[in-house]
>>> print(open('entry-v9.pdb').read())   # PDB, C-alpha atoms
ATOM      1  CA  MET A1143      10.438 -72.056  33.138  1.00  0.00           C
ATOM      2  CA  ASN A1144       9.315 -71.097  29.627  1.00  0.00           C
ATOM      3  CA  ASN A1145      10.302 -67.673  28.405  1.00  0.00           C
ATOM      4  CA  THR A1146       7.803 -66.763  25.690  1.00  0.00           C
ATOM      5  CA  SER A1147       9.589 -63.516  24.841  1.00  0.00           C
ATOM      6  CA  THR A1148      12.637 -65.398  23.561  1.00  0.00           C
ATOM      7  CA  GLN A1149      12.328 -66.329  19.904  1.00  0.00           C
ATOM      8  CA  GLU A1150      13.519 -69.750  18.875  1.00  0.00           C
ATOM      9  CA  ARG A1151      16.025 -69.602  16.089  1.00  0.00           C
ATOM     10  CA  GLN A1152      15.923 -71.692  12.974  1.00  0.00           C
ATOM     11  CA  PRO A1153      18.360 -74.612  12.793  1.00  0.00           C
ATOM     12  CA  GLY A1154      21.608 -73.578  11.150  1.00  0.00           C
ATOM     13  CA  THR A1155      21.252 -69.882  12.006  1.00  0.00           C
ATOM     14  CA  PRO A1156      23.621 -68.159  14.410  1.00  0.00           C
ATOM     15  CA  GLY A1157      22.543 -67.256  17.928  1.00  0.00           C
ATOM     16  CA  ALA A1158      22.707 -63.840  19.571  1.00  0.00           C
ATOM     17  CA  LEU A1159      26.273 -64.264  20.862  1.00  0.00           C
ATOM     18  CA  SER A1160      27.499 -65.413  17.468  1.00  0.00           C
ATOM     19  CA  ARG A1161      25.788 -62.451  15.724  1.00  0.00           C
ATOM     20  CA  TRP A1162      27.309 -59.996  18.241  1.00  0.00           C
ATOM     21  CA  PHE A1163      30.769 -61.497  17.738  1.00  0.00           C
ATOM     22  CA  GLN A1164      30.415 -61.331  13.957  1.00  0.00           C
ATOM     23  CA  ARG A1165      29.275 -57.681  14.037  1.00  0.00           C
ATOM     24  CA  THR A1166      32.217 -56.799  16.296  1.00  0.00           C
ATOM     25  CA  VAL A1167      34.805 -58.579  14.149  1.00  0.00           C
ATOM     26  CA  ASN A1168      33.267 -57.212  10.923  1.00  0.00           C
ATOM     27  CA  GLY A1169      33.465 -53.658  12.273  1.00  0.00           C
ATOM     28  CA  ARG A1170      37.123 -54.054  13.213  1.00  0.00           C
ATOM     29  CA  THR A1171      37.965 -55.681   9.892  1.00  0.00           C
ATOM     30  CA  THR A1172      36.179 -52.942   7.942  1.00  0.00           C
ATOM     31  CA  ARG A1173      38.194 -50.279   9.779  1.00  0.00           C
ATOM     32  CA  LYS A1174      41.437 -52.144   8.987  1.00  0.00           C
ATOM     33  CA  ILE A1175      40.531 -52.361   5.284  1.00  0.00           C
ATOM     34  CA  ARG A1176      39.823 -48.631   5.197  1.00  0.00           C
ATOM     35  CA  ARG A1177      43.236 -47.996   6.782  1.00  0.00           C
ATOM     36  CA  GLY A1178      44.923 -50.036   4.028  1.00  0.00           C
ATOM     37  CA  ARG A1179      45.268 -53.462   5.680  1.00  0.00           C
ATOM     38  CA  ALA A1180      43.225 -55.470   3.206  1.00  0.00           C
ATOM     39  CA  THR A1181      44.391 -59.052   3.686  1.00  0.00           C
ATOM     40  CA  MET A1182      43.497 -61.797   6.127  1.00  0.00           C
ATOM     41  CA  MET A1183      44.548 -65.441   6.146  1.00  0.00           C
ATOM     42  CA  GLY A1184      46.260 -64.943   2.794  1.00  0.00           C
ATOM     43  CA  MET A1185      43.163 -63.519   1.096  1.00  0.00           C
ATOM     44  CA  ASP A1186      42.464 -60.059  -0.275  1.00  0.00           C
ATOM     45  CA  LEU A1187      39.567 -58.215   1.391  1.00  0.00           C
ATOM     46  CA  LEU A1188      37.104 -55.546   0.354  1.00  0.00           C
ATOM     47  CA  VAL A1189      34.133 -53.852   1.980  1.00  0.00           C
ATOM     48  CA  LEU A1190      30.829 -54.623   0.252  1.00  0.00           C
ATOM     49  CA  THR A1191      28.063 -52.099   0.869  1.00  0.00           C
ATOM     50  CA  THR A1192      24.480 -53.140   0.189  1.00  0.00           C
ATOM     51  CA  VAL A1193      21.006 -51.946   1.127  1.00  0.00           C
ATOM     52  CA  GLY A1194      18.946 -54.226   3.358  1.00  0.00           C
ATOM     53  CA  ARG A1195      16.090 -55.869   1.487  1.00  0.00           C
ATOM     54  CA  ARG A1196      13.720 -55.580   4.463  1.00  0.00           C
ATOM     55  CA  THR A1197      15.078 -52.571   6.356  1.00  0.00           C
ATOM     56  CA  GLY A1198      16.334 -50.323   3.572  1.00  0.00           C
ATOM     57  CA  GLN A1199      19.369 -49.602   5.753  1.00  0.00           C
ATOM     58  CA  THR A1200      22.937 -49.559   4.504  1.00  0.00           C
ATOM     59  CA  ARG A1201      24.887 -52.711   5.347  1.00  0.00           C
ATOM     60  CA  GLU A1202      28.674 -53.142   5.216  1.00  0.00           C
ATOM     61  CA  ASN A1203      30.448 -56.486   5.078  1.00  0.00           C
ATOM     62  CA  PRO A1204      34.188 -57.166   4.847  1.00  0.00           C
ATOM     63  CA  LEU A1205      34.615 -60.065   2.433  1.00  0.00           C
ATOM     64  CA  ALA A1206      37.339 -62.042   0.732  1.00  0.00           C
ATOM     65  CA  TRP A1207      37.460 -61.543  -3.011  1.00  0.00           C
ATOM     66  CA  PHE A1208      39.103 -63.239  -5.948  1.00  0.00           C
ATOM     67  CA  ALA A1209      40.229 -61.531  -9.154  1.00  0.00           C
ATOM     68  CA  ASP A1210      38.293 -62.238 -12.322  1.00  0.00           C
ATOM     69  CA  GLY A1211      40.201 -60.526 -15.077  1.00  0.00           C
ATOM     70  CA  ALA A1212      41.658 -57.067 -14.758  1.00  0.00           C
ATOM     71  CA  ASP A1213      38.611 -55.279 -13.380  1.00  0.00           C
ATOM     72  CA  ALA A1214      36.190 -57.720 -11.731  1.00  0.00           C
ATOM     73  CA  TRP A1215      35.902 -59.363  -8.336  1.00  0.00           C
ATOM     74  CA  VAL A1216      34.271 -62.681  -7.391  1.00  0.00           C
ATOM     75  CA  LEU A1217      32.706 -63.202  -3.971  1.00  0.00           C
ATOM     76  CA  ILE A1218      31.680 -66.499  -2.341  1.00  0.00           C
ATOM     77  CA  ALA A1219      28.357 -66.496  -0.477  1.00  0.00           C
ATOM     78  CA  SER A1220      29.518 -69.075   2.049  1.00  0.00           C
ATOM     79  CA  GLY A1221      28.498 -67.510   5.343  1.00  0.00           C
ATOM     80  CA  GLY A1222      29.375 -70.597   7.381  1.00  0.00           C
ATOM     81  CA  GLY A1223      25.787 -71.730   7.816  1.00  0.00           C
ATOM     82  CA  SER A1224      23.001 -73.693   6.229  1.00  0.00           C
ATOM     83  CA  GLN A1225      21.665 -70.683   4.353  1.00  0.00           C
ATOM     84  CA  ASN A1226      23.105 -67.955   2.171  1.00  0.00           C
ATOM     85  CA  PRO A1227      24.411 -64.930   4.060  1.00  0.00           C
ATOM     86  CA  GLY A1228      22.231 -61.841   4.341  1.00  0.00           C
ATOM     87  CA  TRP A1229      24.586 -59.740   2.231  1.00  0.00           C
ATOM     88  CA  TYR A1230      23.948 -62.021  -0.743  1.00  0.00           C
ATOM     89  CA  ALA A1231      20.167 -61.623  -0.542  1.00  0.00           C
ATOM     90  CA  ASN A1232      20.551 -57.855  -0.074  1.00  0.00           C
ATOM     91  CA  LEU A1233      22.897 -57.645  -3.063  1.00  0.00           C
ATOM     92  CA  LEU A1234      20.429 -59.447  -5.339  1.00  0.00           C
ATOM     93  CA  ALA A1235      17.428 -57.491  -4.018  1.00  0.00           C
ATOM     94  CA  ASN A1236      19.060 -54.060  -4.515  1.00  0.00           C
ATOM     95  CA  PRO A1237      21.834 -54.500  -7.084  1.00  0.00           C
ATOM     96  CA  GLU A1238      21.776 -50.837  -8.112  1.00  0.00           C
ATOM     97  CA  ALA A1239      22.901 -49.788  -4.613  1.00  0.00           C
ATOM     98  CA  ALA A1240      25.981 -52.035  -4.410  1.00  0.00           C
ATOM     99  CA  THR A1241      29.452 -50.590  -3.924  1.00  0.00           C
ATOM    100  CA  ILE A1242      32.798 -51.943  -2.847  1.00  0.00           C
ATOM    101  CA  GLU A1243      35.732 -50.282  -1.128  1.00  0.00           C
ATOM    102  CA  LEU A1244      39.312 -51.193  -1.859  1.00  0.00           C
ATOM    103  CA  PRO A1245      42.325 -49.454  -0.316  1.00  0.00           C
ATOM    104  CA  ASP A1246      43.848 -48.698  -3.704  1.00  0.00           C
ATOM    105  CA  ARG A1247      40.624 -47.552  -5.422  1.00  0.00           C
ATOM    106  CA  GLY A1248      38.284 -46.100  -2.830  1.00  0.00           C
ATOM    107  CA  VAL A1249      34.533 -46.601  -3.342  1.00  0.00           C
ATOM    108  CA  VAL A1250      33.523 -48.304  -6.598  1.00  0.00           C
ATOM    109  CA  PRO A1251      29.861 -48.690  -7.659  1.00  0.00           C
ATOM    110  CA  VAL A1252      29.461 -52.259  -8.943  1.00  0.00           C
ATOM    111  CA  THR A1253      27.028 -54.442 -10.841  1.00  0.00           C
ATOM    112  CA  PRO A1254      26.549 -57.948  -9.401  1.00  0.00           C
ATOM    113  CA  GLU A1255      26.160 -61.014 -11.604  1.00  0.00           C
ATOM    114  CA  PRO A1256      25.426 -64.407 -10.021  1.00  0.00           C
ATOM    115  CA  LEU A1257      27.572 -67.006 -11.771  1.00  0.00           C
ATOM    116  CA  THR A1258      26.124 -70.194 -13.225  1.00  0.00           C
ATOM    117  CA  GLY A1259      27.200 -73.006 -15.516  1.00  0.00           C
ATOM    118  CA  ALA A1260      30.650 -72.824 -17.079  1.00  0.00           C
ATOM    119  CA  SER A1261      31.329 -69.357 -15.605  1.00  0.00           C
ATOM    120  CA  TYR A1262      30.639 -70.725 -12.123  1.00  0.00           C
ATOM    121  CA  GLU A1263      32.786 -73.813 -12.645  1.00  0.00           C
ATOM    122  CA  ALA A1264      35.742 -71.805 -13.988  1.00  0.00           C
ATOM    123  CA  ALA A1265      35.571 -69.292 -11.135  1.00  0.00           C
ATOM    124  CA  TRP A1266      35.192 -72.045  -8.509  1.00  0.00           C
ATOM    125  CA  ALA A1267      38.201 -73.941  -9.901  1.00  0.00           C
ATOM    126  CA  SER A1268      40.294 -70.772  -9.702  1.00  0.00           C
ATOM    127  CA  ILE A1269      39.156 -70.064  -6.130  1.00  0.00           C
ATOM    128  CA  VAL A1270      39.876 -73.540  -4.757  1.00  0.00           C
ATOM    129  CA  GLU A1271      43.257 -73.535  -6.471  1.00  0.00           C
ATOM    130  CA  ALA A1272      44.126 -70.289  -4.698  1.00  0.00           C
ATOM    131  CA  GLN A1273      42.415 -71.195  -1.395  1.00  0.00           C
ATOM    132  CA  PRO A1274      41.827 -74.964  -1.004  1.00  0.00           C
ATOM    133  CA  ARG A1275      40.047 -74.346   2.300  1.00  0.00           C
ATOM    134  CA  PHE A1276      36.897 -73.376   0.354  1.00  0.00           C
ATOM    135  CA  ALA A1277      36.682 -76.847  -1.191  1.00  0.00           C
ATOM    136  CA  LYS A1278      36.755 -78.287   2.340  1.00  0.00           C
ATOM    137  CA  TYR A1279      34.077 -75.843   3.516  1.00  0.00           C
ATOM    138  CA  GLN A1280      31.907 -76.720   0.524  1.00  0.00           C
ATOM    139  CA  GLU A1281      32.218 -80.450   1.238  1.00  0.00           C
ATOM    140  CA  LYS A1282      30.765 -79.867   4.709  1.00  0.00           C
ATOM    141  CA  SER A1283      27.780 -77.862   3.445  1.00  0.00           C
ATOM    142  CA  ALA A1284      24.474 -79.205   2.170  1.00  0.00           C
ATOM    143  CA  ARG A1285      24.079 -76.197  -0.144  1.00  0.00           C
ATOM    144  CA  LYS A1286      26.164 -75.131  -3.114  1.00  0.00           C
ATOM    145  CA  TYR A1287      27.885 -71.852  -2.369  1.00  0.00           C
ATOM    146  CA  PRO A1288      26.766 -69.110  -4.757  1.00  0.00           C
ATOM    147  CA  LEU A1289      29.406 -67.064  -6.531  1.00  0.00           C
ATOM    148  CA  VAL A1290      28.815 -63.518  -7.665  1.00  0.00           C
ATOM    149  CA  ARG A1291      30.969 -61.440 -10.011  1.00  0.00           C
ATOM    150  CA  LEU A1292      31.148 -57.704  -9.386  1.00  0.00           C
ATOM    151  CA  THR A1293      32.103 -55.379 -12.208  1.00  0.00           C
ATOM    152  CA  PRO A1294      32.449 -51.579 -12.084  1.00  0.00           C
ATOM    153  CA  ARG A1295      29.197 -49.839 -12.966  1.00  0.00           C
ATOM    154  CA  GLY A1296      29.041 -47.244 -15.699  1.00  0.00           C
TER     155      GLY A1296
END
>>> encode(input="entry-v9.pdb", output="structure tokens")
Amino acid sequence: MNNTSTQERQPGTPGALSRWFQRTVNGRTTRKIRRGRATMMGMDLLVLTTVGRRTGQTRENPLAWFADGADAWVLIASGGGSQNPGWYANLLANPEAATIELPDRGVVPVTPEPLTGASYEAAWASIVEAQPRFAKYQEKSARKYPLVRLTPRG
């Protein structure tokens, strides 16, 4: 029987169960970060808030971050799939709306900067030194994971 109301998903994109699970885990993780528990699997976490590029709605994502100097954070747009995660596209589409939350600093408006060239290579080397698992993830992916530096705005 053919169900024409069910949309076929693109290869490499998560299905409905996977999206539900991710939303559930993200919600729990975000609440933990806001209560001061901001580490997972040996990595520091923050909550990135963006505005959806298509919906205009606020989106929150708990993400691992890596220090870049005294007052900057680097994020990896890995997402575990064949395409960049939605938060990355939203961040680039509406950079002026981006904020992060850290237990020790509260909400911080940030300016995103996609890293390229030598800046990318230096940040990537630092990340895989701290968390070698990302080198393994990258080896399994057909796309190069984008890196984005966040710095406090204004």
>>> resolve_selection(input="entry-v9.pdb", expression="the PyMOL selection byres ((chain A and resi 1160-1176) around 7)", output="PyMOL selection string")
chain A and resi 1156-1159+1177-1180+1188-1189+1203-1204+1245
>>> closest_residue(input="entry-v9.pdb", among="A:Ile1242, A:Ala1206, A:Thr1197, A:Ile1269", to="Gly1221 of chain A", atoms="only C-alpha atoms")
A:Ala1206
>>> closest_residue(input="entry-v9.pdb", among="A:Pro1274, A:Pro1256, A:Pro1294, A:Gly1248", to="Ile1218 of chain A", atoms="all atoms listed in the file")
A:Pro1256
>>> residues_around(input="entry-v9.pdb", residues="Trp1215 of chain A", least_positions_apart="5", cutoff="9 Å", atoms="only C-alpha atoms", output="ChimeraX atom specification")
/A:1207-1210,1290-1293
>>> closest_residue(input="entry-v9.pdb", among="A:Gly1296, A:Pro1237, A:Pro1288, A:Gly1184", to="Val1250 of chain A", atoms="only C-alpha atoms")
A:Gly1296
>>> resolve_selection(input="entry-v9.pdb", expression="the PyMOL selection byres ((chain A and resi 1200) around 12)", output="JSON, numbers by chain")
{"A": [1190, 1191, 1192, 1193, 1194, 1195, 1196, 1197, 1198, 1199, 1201, 1202, 1203, 1229, 1232, 1233, 1236, 1239, 1240, 1241]}
>>> atom_distance(input="entry-v9.pdb", atom1="atom CA of Val1252 of chain A", atom2="atom CA of Glu1238 of chain A")
7.9 Å
>>> resolve_selection(input="entry-v9.pdb", expression="the PyMOL selection byres ((chain A and resi 1283) around 12)", output="list in words")
Gly1154, Ser1220, Gly1221, Gly1222, Gly1223, Ser1224, Gln1225, Asn1226, Phe1276, Ala1277, Lys1278, Tyr1279, Gln1280, Glu1281, Lys1282, Ala1284, Arg1285, Lys1286 and Tyr1287 of chain A
>>> atom_distance(input="entry-v9.pdb", atom1="atom CA of Met1182 of chain A", atom2="atom CA of Thr1258 of chain A")
27.3 Å
>>> atom_distance(input="entry-v9.pdb", atom1="atom CA of Ala1265 of chain A", atom2="atom CA of Leu1289 of chain A")
8.0 Å
>>> closest_residue(input="entry-v9.pdb", among="A:Trp1266, A:Glu1243, A:Thr1253, A:Thr1181", to="Ala1219 of chain A", atoms="only C-alpha atoms")
A:Trp1266
>>> closest_residue(input="entry-v9.pdb", among="A:Val1216, A:Leu1234, A:Leu1205, A:Met1185", to="Ala1264 of chain A", atoms="only C-alpha atoms")
A:Val1216
>>> axis_aligned_box(input="entry-v9.pdb", around="segment 1229-1233 of chain A", padding_each_side="5 Å", output="JSON")
{"center_x": 22.4, "center_y": -59.8, "center_z": -0.4, "size_x": 14.4, "size_y": 14.4, "size_z": 15.3}
